[in-house]
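Novice: Quick one, work.txt (compact mmCIF, C-alpha atoms):
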```txt
# COMPACT_ATOMS: atom_id res chain seq x y z
CA MET A 1 106.83 123.88 103.90
CA PRO A 2 105.11 124.41 100.51
CA ARG A 3 101.68 122.91 100.18
CA ILE A 4 101.62 119.75 98.04
CA ASN A 5 98.84 119.60 95.48
CA THR A 6 97.38 116.13 95.86
CA HIS A 7 94.78 116.49 93.12
CA ALA A 8 95.85 115.45 89.64
CA SER A 9 95.76 118.13 86.97
CA PHE A 10 94.94 117.82 83.26
CA SER A 11 96.98 120.91 82.32
CA LEU A 12 99.95 119.08 80.78
CA GLU A 13 97.71 116.65 78.91
CA TYR A 14 95.63 119.59 77.63
CA SER A 15 98.77 121.40 76.48
CA LEU A 16 100.13 118.34 74.67
CA LEU A 17 96.81 117.64 72.95
CA HIS A 18 96.67 121.23 71.70
CA LYS A 19 100.27 121.02 70.47
CA GLY A 20 99.35 118.27 68.04
CA TYR A 21 99.62 115.08 70.08
CA ASN A 22 96.43 113.18 69.30
CA PHE A 23 96.80 110.56 72.03
CA VAL A 24 98.50 111.16 75.39
CA ALA A 25 99.16 108.36 77.88
CA GLY A 26 100.34 107.93 81.44
CA VAL A 27 101.95 104.85 82.96
CA ASP A 28 102.59 103.89 86.58
CA GLU A 29 103.51 100.80 88.60
CA VAL A 30 102.31 99.34 91.89
CA GLY A 31 104.07 96.94 94.23
CA ARG A 32 107.75 97.90 94.01
CA GLY A 33 108.16 97.75 97.78
CA CYS A 34 106.25 94.54 98.48
CA LEU A 35 107.82 91.41 99.91
CA ALA A 36 105.47 89.14 97.98
CA GLY A 37 103.40 89.07 94.82
CA PRO A 38 103.82 90.51 91.35
CA LEU A 39 104.78 93.96 90.15
CA VAL A 40 101.90 95.51 88.18
CA SER A 41 101.91 98.48 85.80
CA ALA A 42 99.00 100.13 84.05
CA ILE A 43 98.76 102.66 81.24
CA VAL A 44 95.84 104.83 80.14
CA VAL A 45 95.37 106.84 76.95
CA VAL A 46 93.29 110.01 76.52
CA SER A 47 92.49 112.09 73.45
CA GLU A 48 90.38 114.99 74.70
CA GLU A 49 89.70 117.13 77.76
CA SER A 50 86.26 115.58 78.31
CA GLN A 51 88.02 112.38 79.45
CA PHE A 52 89.40 114.14 82.53
CA ILE A 53 87.76 112.76 85.72
CA PRO A 54 87.74 115.23 88.65
CA GLY A 55 88.83 113.71 91.95
CA VAL A 56 91.21 111.14 90.51
CA LYS A 57 94.62 111.32 92.17
CA ASP A 58 97.52 109.12 93.23
CA SER A 59 95.99 105.79 94.23
CA LYS A 60 97.85 105.85 97.55
CA LEU A 61 95.86 108.95 98.51
CA LEU A 62 92.45 107.37 97.81
CA SER A 63 90.42 105.04 99.98
CA ALA A 64 89.78 101.51 98.69
CA THR A 65 86.15 102.45 98.07
CA LEU A 66 87.08 105.46 95.95
CA ARG A 67 89.74 103.49 94.07
CA ASP A 68 87.17 100.86 93.12
CA LYS A 69 84.72 103.56 92.04
CA PHE A 70 87.26 105.44 89.94
CA ASP A 71 88.67 102.23 88.47
CA GLU A 72 85.36 101.48 86.79
CA ILE A 73 84.88 105.07 85.63
CA ILE A 74 88.39 105.31 84.21
CA ARG A 75 88.06 102.04 82.30
CA ASN A 76 84.80 103.28 80.73
CA THR A 77 86.10 106.79 79.94
CA VAL A 78 89.63 106.65 78.55
CA VAL A 79 90.43 105.73 74.94
CA SER A 80 92.40 102.63 75.91
CA PHE A 81 94.18 101.05 78.87
CA GLY A 82 96.56 98.17 79.45
CA ILE A 83 97.88 96.20 82.40
CA GLY A 84 101.30 94.56 82.59
CA VAL A 85 102.28 91.97 85.20
CA VAL A 86 105.70 90.63 86.23
CA PRO A 87 105.41 87.67 88.66
CA ASN A 88 107.66 87.57 91.71
CA HIS A 89 109.92 84.82 90.35
CA GLU A 90 110.55 86.83 87.18
CA LEU A 91 111.14 89.96 89.24
CA ASP A 92 113.83 88.08 91.16
CA ASP A 93 115.61 87.39 87.87
CA LEU A 94 115.18 90.89 86.40
CA GLY A 95 115.72 93.07 89.48
CA ILE A 96 113.19 95.69 90.53
CA ASN A 97 114.04 98.31 87.88
CA GLY A 98 114.22 95.74 85.13
CA ALA A 99 110.87 94.31 86.25
CA THR A 100 109.34 97.79 86.26
CA ARG A 101 110.45 98.43 82.69
CA VAL A 102 109.12 95.05 81.55
CA SER A 103 105.75 95.52 83.28
CA MET A 104 105.33 98.96 81.73
CA GLN A 105 106.19 97.60 78.30
CA ARG A 106 103.69 94.75 78.72
CA ALA A 107 100.99 97.26 79.67
CA TYR A 108 101.85 99.38 76.61
CA ASP A 109 101.74 96.35 74.32
CA GLN A 110 98.13 95.67 75.41
CA LEU A 111 96.83 99.03 74.18
CA SER A 112 94.33 99.01 71.34
CA GLN A 113 95.28 102.63 70.63
CA LYS A 114 98.96 103.48 70.88
CA PRO A 115 99.74 107.00 72.17
CA ASP A 116 101.94 109.66 70.63
CA ILE A 117 103.60 110.33 73.98
CA VAL A 118 103.69 108.60 77.37
CA LEU A 119 104.12 110.37 80.71
CA VAL A 120 106.14 107.98 82.90
CA ASP A 121 106.05 108.16 86.68
CA GLY A 122 109.58 108.26 88.08
CA LYS A 123 112.95 109.57 86.95
CA ASN A 124 114.80 106.25 86.89
CA ILE A 125 112.39 104.21 84.78
CA SER A 126 112.26 104.27 81.01
CA SER A 127 111.52 101.99 78.08
CA PRO A 128 113.18 102.10 74.66
CA HIS A 129 110.00 100.85 73.00
CA PHE A 130 107.64 103.76 73.56
CA PRO A 131 107.99 107.57 73.47
CA GLY A 132 108.23 108.28 77.20
CA VAL A 133 108.82 111.42 79.25
CA GLN A 134 109.99 110.75 82.81
CA ILE A 135 108.33 112.84 85.53
CA THR A 136 109.25 112.80 89.21
CA ALA A 137 106.18 112.23 91.43
CA GLY A 138 104.06 112.22 88.28
CA ASP A 139 101.31 110.22 89.96
CA ARG A 140 100.57 113.24 92.16
CA LYS A 141 100.67 115.76 89.35
CA HIS A 142 99.12 114.49 86.14
CA PHE A 143 95.74 112.88 85.56
CA VAL A 144 96.87 110.19 83.12
CA ILE A 145 99.51 108.89 85.53
CA SER A 146 97.13 109.06 88.51
CA ALA A 147 94.50 107.17 86.52
CA ALA A 148 97.07 104.52 85.62
CA SER A 149 98.04 104.18 89.28
CA VAL A 150 94.41 103.55 90.22
CA ILE A 151 93.97 100.83 87.59
CA ALA A 152 97.22 99.14 88.63
CA LYS A 153 96.48 99.34 92.35
CA VAL A 154 92.93 97.97 92.10
CA TYR A 155 94.05 95.12 89.83
CA ARG A 156 96.95 94.12 92.08
CA ASP A 157 94.98 94.39 95.33
CA GLN A 158 92.22 92.19 93.93
CA LEU A 159 94.78 89.65 92.73
CA MET A 160 96.52 89.50 96.11
CA THR A 161 93.18 89.15 97.90
CA GLU A 162 92.34 86.17 95.69
CA LEU A 163 95.78 84.63 96.28
CA ALA A 164 95.31 84.97 100.05
CA ASP A 165 93.03 81.93 99.97
CA LYS A 166 95.71 79.87 98.26
CA PHE A 167 98.46 81.07 100.61
CA PRO A 168 96.80 81.52 104.02
CA GLY A 169 98.48 82.83 107.13
CA TYR A 170 100.30 85.83 105.64
CA ASP A 171 97.33 88.24 105.78
CA PHE A 172 97.70 89.00 102.06
CA GLU A 173 94.04 90.04 101.94
CA ASN A 174 94.99 93.05 104.09
CA ASN A 175 98.68 93.76 103.48
CA VAL A 176 98.65 92.75 99.74
CA GLY A 177 102.26 91.66 100.13
CA TYR A 178 103.73 94.65 101.97
CA GLY A 179 105.91 94.09 105.01
CA THR A 180 103.51 94.61 107.89
CA LYS A 181 104.21 93.24 111.38
CA ARG A 182 101.72 90.41 110.86
CA HIS A 183 103.40 89.53 107.57
CA TYR A 184 106.86 89.46 109.15
CA ASP A 185 105.54 87.40 112.05
CA ALA A 186 104.10 84.87 109.58
CA ILE A 187 107.41 84.60 107.72
CA ASN A 188 109.22 83.98 111.00
CA SER A 189 106.71 81.36 112.15
CA ILE A 190 105.75 79.43 108.99
CA GLY A 191 108.44 80.46 106.52
CA ILE A 192 107.99 81.84 103.01
CA CYS A 193 105.63 80.76 100.23
CA GLU A 194 105.75 80.69 96.43
CA LEU A 195 104.69 84.36 96.24
CA HIS A 196 107.64 85.76 98.18
CA ARG A 197 110.41 87.68 96.43
CA LYS A 198 113.65 85.86 97.18
CA SER A 199 115.73 88.86 96.11
CA PHE A 200 114.19 91.15 98.75
CA SER A 201 115.38 91.56 102.34
CA PRO A 202 114.90 89.88 104.75
CA ILE A 203 113.84 86.94 102.58
CA LYS A 204 117.08 86.80 100.62
CA GLN A 205 118.96 86.34 103.88
CA LEU A 206 116.68 83.43 104.77
CA VAL A 207 117.20 81.65 101.46
CA GLY A 208 120.75 82.76 100.73
CA TRP A 209 119.80 84.59 97.54
CA GLU A 210 122.71 86.17 95.65
CA LYS A 211 122.43 87.94 92.32
CA HIS A 212 123.82 91.13 90.83
CA TYR A 213 121.62 93.29 88.62
CA ASP A 214 122.23 95.83 85.93
CA ASN A 215 119.37 98.13 86.90
CA LYS A 216 120.39 101.16 84.94
CA SER A 217 117.45 103.04 83.47
```
Re-express the file's structure as structure tokens.
Specialist:
Amino acid sequence: MPRINTHASFSLEYSLLHKGYNFVAGVDEVGRGCLAGPLVSAIVVVSEESQFIPGVKDSKLLSATLRDKFDEIIRNTVVSFGIGVVPNHELDDLGINGATRVSMQRAYDQLSQKPDIVLVDGKNISSPHFPGVQITAGDRKHFVISAASVIAKVYRDQLMTELADKFPGYDFENNVGYGTKRHYDAINSIGICELHRKSFSPIKQLVGWEKHYDNKS
């Protein structure tokens, strides 16, 4: 099998900046596969090679300690960043792809400096309101997307840890809404809470949720 490069590169960003793009951004989401909690997207904007931070990579490949460290560095280094949140009840109405587009747009709308081009993680997600280029597995390839994934992951994990006190018993402080055994056991024993996504299995079977989505990109 070919070796997968897990360290984010700045080569595409460098090329775009030298082709006349003054501001290059990357956007990524966190929480698509969770059973509970919001979907969160983040976007970061860079304008020069000096803003590249060695060691930053896909947030899933970093320890919590490194994510926290890089989160602070990224926020203090990039030109601008934004965070977009879609709560679970809104996600249920929009569908997962619709919620991803909305969260990315909300993150983009927060930027103090709008980019000339946005590298978007994933082939099936796009927004008509910003100049995006879709890239498969972009969070493992390009610095701006990896940096966005770190910001989104740290923000969402901290939020779910805080919400764990309000909704005890589900181990949100550890699983941050993902479907771990302890999480499933809690659902089976005490039922669901306000944070659960009613459109996701197995919760939709428990509540009889039925809705059809137009989730075309």
Novice: At a cut-off of 10 Å, using all atoms listed in the file, what residues contact stretch 88-96 of chain A? Leave out same-chain residues fewer than 6 positions from it and give the result as a list in words.
Specialist: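 Residues meeting the cut-off are Gly31, Arg32, Gly33, Cys34, Leu35, Ala36, Gly37, Pro38, Leu39, Val102, Ser103, Glu194, Leu195, His196, Arg197, Lys198, Ser199, Phe200, Trp209, Lys211, His212, Tyr213, Asp214 and Asn215 of chain A.
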Novice: Quick check, in Å to one decimal: how far apart do atom CA of A:Ser201 and atom CA of A:Lys166 lie?
Specialist: 23.2 Å
Novice: Go through A:Gly138, A:Pro87, A:Pro131, A:Gly177 one by one, measure the shortest atom-to-atom distance of each to A:Lys114 using all atoms listed in the file, and give the residue with the smallest value.
Specialist: A:Pro131
Novice: Pick the closest to A:Val24 from A:His7, A:Lys69, A:His142, A:Arg101: which is it, counting only C-alpha atoms?
Specialist: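 For A:Val24, the nearest of the given residues is A:His142.
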Novice: Pick out the residues sitting within 12 Å of A:His18, and hand them over as number ranges by chain; count all atoms listed in the file, and ignore anything fewer than 6 positions along from it in its own chain.
Specialist: A: 11-12, 24, 47-49
Novice: For those residues, write C-alpha atoms to a file as a JSON list (two decimals), in the coordinates of the input.
Specialist:
```json
[["chain", "number", "residue", "atom", "x", "y", "z"],
["A", 11, "SER", "CA", 96.98, 120.91, 82.32],
["A", 12, "LEU", "CA", 99.95, 119.08, 80.78],
["A", 24, "VAL", "CA", 98.50, 111.16, 75.39],
["A", 47, "SER", "CA", 92.49, 112.09, 73.45],
["A", 48, "GLU", "CA", 90.38, 114.99, 74.70],
["A", 49, "GLU", "CA", 89.70, 117.13, 77.76]]
```
Novice: Might you pull out every residue within 10 Å of A:Asn174, with all atoms listed in the file counted and same-chain residues fewer than 4 positions away left off, and present them as a ChimeraX atom specification?
Specialist: /A:157,160-161,164,170,178,180,182-183
Novice: Expressed in Å to a single decimal, how great is the separation between atom CA of A:Asp68 and atom CA of A:Tyr184?
Specialist: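 Taking atom CA of A:Asp68 and atom CA of A:Tyr184, their separation equals 27.8 Å.
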Novice: In Å to one decimal, how far is atom CA of A:Gly26 from atom CA of A:Thr65?
Specialist: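 Between atom CA of A:Thr65 and atom CA of A:Gly26 the gap is 22.5 Å.
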Novice: With distances taken over all atoms listed in the file, which of A:Met104, A:Ala147, A:Ile190, A:Val27 is nearest to A:Gly55?
Specialist: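 Counting all atoms listed in the file, the residue closest to A:Gly55 is A:Ala147.
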Novice: From the list A:Ser63, A:Asn22, A:Gln113, A:Gln134, which residue is nearest A:Val44 when using only C-alpha atoms?
Specialist: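 Among A:Ser63, A:Asn22, A:Gln113, A:Gln134, it is A:Gln113 that comes nearest to A:Val44.
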Novice: Hey, could you patch up stretch 167-189 of chain A with N, CA and C atoms and hand it over as a PDB file, in the coordinates of the input?
Specialist:
```
ATOM      1  N   PHE A 167      97.290  80.988  99.723  1.00  0.00           N
ATOM      2  CA  PHE A 167      98.460  81.070 100.610  1.00  0.00           C
ATOM      3  C   PHE A 167      98.034  81.716 101.925  1.00  0.00           C
ATOM      4  N   PRO A 168      97.326  80.964 102.762  1.00  0.00           N
ATOM      5  CA  PRO A 168      96.800  81.520 104.020  1.00  0.00           C
ATOM      6  C   PRO A 168      97.900  81.751 105.052  1.00  0.00           C
ATOM      7  N   GLY A 169      97.586  82.609 106.011  1.00  0.00           N
ATOM      8  CA  GLY A 169      98.480  82.830 107.130  1.00  0.00           C
ATOM      9  C   GLY A 169      99.325  84.080 107.043  1.00  0.00           C
ATOM     10  N   TYR A 170      99.446  84.654 105.824  1.00  0.00           N
ATOM     11  CA  TYR A 170     100.300  85.830 105.640  1.00  0.00           C
ATOM     12  C   TYR A 170      99.516  87.148 105.657  1.00  0.00           C
ATOM     13  N   ASP A 171      98.191  87.061 105.744  1.00  0.00           N
ATOM     14  CA  ASP A 171      97.330  88.240 105.780  1.00  0.00           C
ATOM     15  C   ASP A 171      97.414  89.039 104.468  1.00  0.00           C
ATOM     16  N   PHE A 172      97.606  88.327 103.347  1.00  0.00           N
ATOM     17  CA  PHE A 172      97.700  89.000 102.060  1.00  0.00           C
ATOM     18  C   PHE A 172      96.439  89.786 101.707  1.00  0.00           C
ATOM     19  N   GLU A 173      95.285  89.339 102.244  1.00  0.00           N
ATOM     20  CA  GLU A 173      94.040  90.040 101.940  1.00  0.00           C
ATOM     21  C   GLU A 173      94.028  91.450 102.516  1.00  0.00           C
ATOM     22  N   ASN A 174      94.907  91.716 103.481  1.00  0.00           N
ATOM     23  CA  ASN A 174      94.990  93.050 104.090  1.00  0.00           C
ATOM     24  C   ASN A 174      96.286  93.782 103.734  1.00  0.00           C
ATOM     25  N   ASN A 175      97.411  93.068 103.748  1.00  0.00           N
ATOM     26  CA  ASN A 175      98.680  93.760 103.480  1.00  0.00           C
ATOM     27  C   ASN A 175      99.098  93.720 102.012  1.00  0.00           C
ATOM     28  N   VAL A 176      98.395  92.934 101.184  1.00  0.00           N
ATOM     29  CA  VAL A 176      98.650  92.750  99.740  1.00  0.00           C
ATOM     30  C   VAL A 176     100.138  92.563  99.417  1.00  0.00           C
ATOM     31  N   GLY A 177     100.863  91.978 100.373  1.00  0.00           N
ATOM     32  CA  GLY A 177     102.260  91.660 100.130  1.00  0.00           C
ATOM     33  C   GLY A 177     103.263  92.598 100.760  1.00  0.00           C
ATOM     34  N   TYR A 178     102.810  93.707 101.325  1.00  0.00           N
ATOM     35  CA  TYR A 178     103.730  94.650 101.970  1.00  0.00           C
ATOM     36  C   TYR A 178     104.190  94.086 103.325  1.00  0.00           C
ATOM     37  N   GLY A 179     105.285  94.626 103.819  1.00  0.00           N
ATOM     38  CA  GLY A 179     105.910  94.090 105.010  1.00  0.00           C
ATOM     39  C   GLY A 179     105.336  94.611 106.311  1.00  0.00           C
ATOM     40  N   THR A 180     104.121  94.244 106.626  1.00  0.00           N
ATOM     41  CA  THR A 180     103.510  94.610 107.890  1.00  0.00           C
ATOM     42  C   THR A 180     104.042  93.692 109.009  1.00  0.00           C
ATOM     43  N   LYS A 181     103.765  94.062 110.257  1.00  0.00           N
ATOM     44  CA  LYS A 181     104.210  93.240 111.380  1.00  0.00           C
ATOM     45  C   LYS A 181     103.635  91.827 111.288  1.00  0.00           C
ATOM     46  N   ARG A 182     102.355  91.729 110.962  1.00  0.00           N
ATOM     47  CA  ARG A 182     101.720  90.410 110.860  1.00  0.00           C
ATOM     48  C   ARG A 182     102.357  89.583 109.751  1.00  0.00           C
ATOM     49  N   HIS A 183     102.739  90.234 108.676  1.00  0.00           N
ATOM     50  CA  HIS A 183     103.400  89.530 107.570  1.00  0.00           C
ATOM     51  C   HIS A 183     104.768  89.020 108.012  1.00  0.00           C
ATOM     52  N   TYR A 184     105.551  89.887 108.658  1.00  0.00           N
ATOM     53  CA  TYR A 184     106.860  89.460 109.150  1.00  0.00           C
ATOM     54  C   TYR A 184     106.738  88.339 110.168  1.00  0.00           C
ATOM     55  N   ASP A 185     105.747  88.445 111.047  1.00  0.00           N
ATOM     56  CA  ASP A 185     105.540  87.400 112.050  1.00  0.00           C
ATOM     57  C   ASP A 185     105.233  86.055 111.372  1.00  0.00           C
ATOM     58  N   ALA A 186     104.441  86.103 110.297  1.00  0.00           N
ATOM     59  CA  ALA A 186     104.100  84.870 109.580  1.00  0.00           C
ATOM     60  C   ALA A 186     105.337  84.257 108.924  1.00  0.00           C
ATOM     61  N   ILE A 187     106.175  85.097 108.340  1.00  0.00           N
ATOM     62  CA  ILE A 187     107.410  84.600 107.720  1.00  0.00           C
ATOM     63  C   ILE A 187     108.282  83.917 108.775  1.00  0.00           C
ATOM     64  N   ASN A 188     108.378  84.532 109.942  1.00  0.00           N
ATOM     65  CA  ASN A 188     109.220  83.980 111.000  1.00  0.00           C
ATOM     66  C   ASN A 188     108.651  82.675 111.569  1.00  0.00           C
ATOM     67  N   SER A 189     107.320  82.534 111.530  1.00  0.00           N
ATOM     68  CA  SER A 189     106.710  81.360 112.150  1.00  0.00           C
ATOM     69  C   SER A 189     106.480  80.202 111.174  1.00  0.00           C
TER      70      SER A 189
END
```
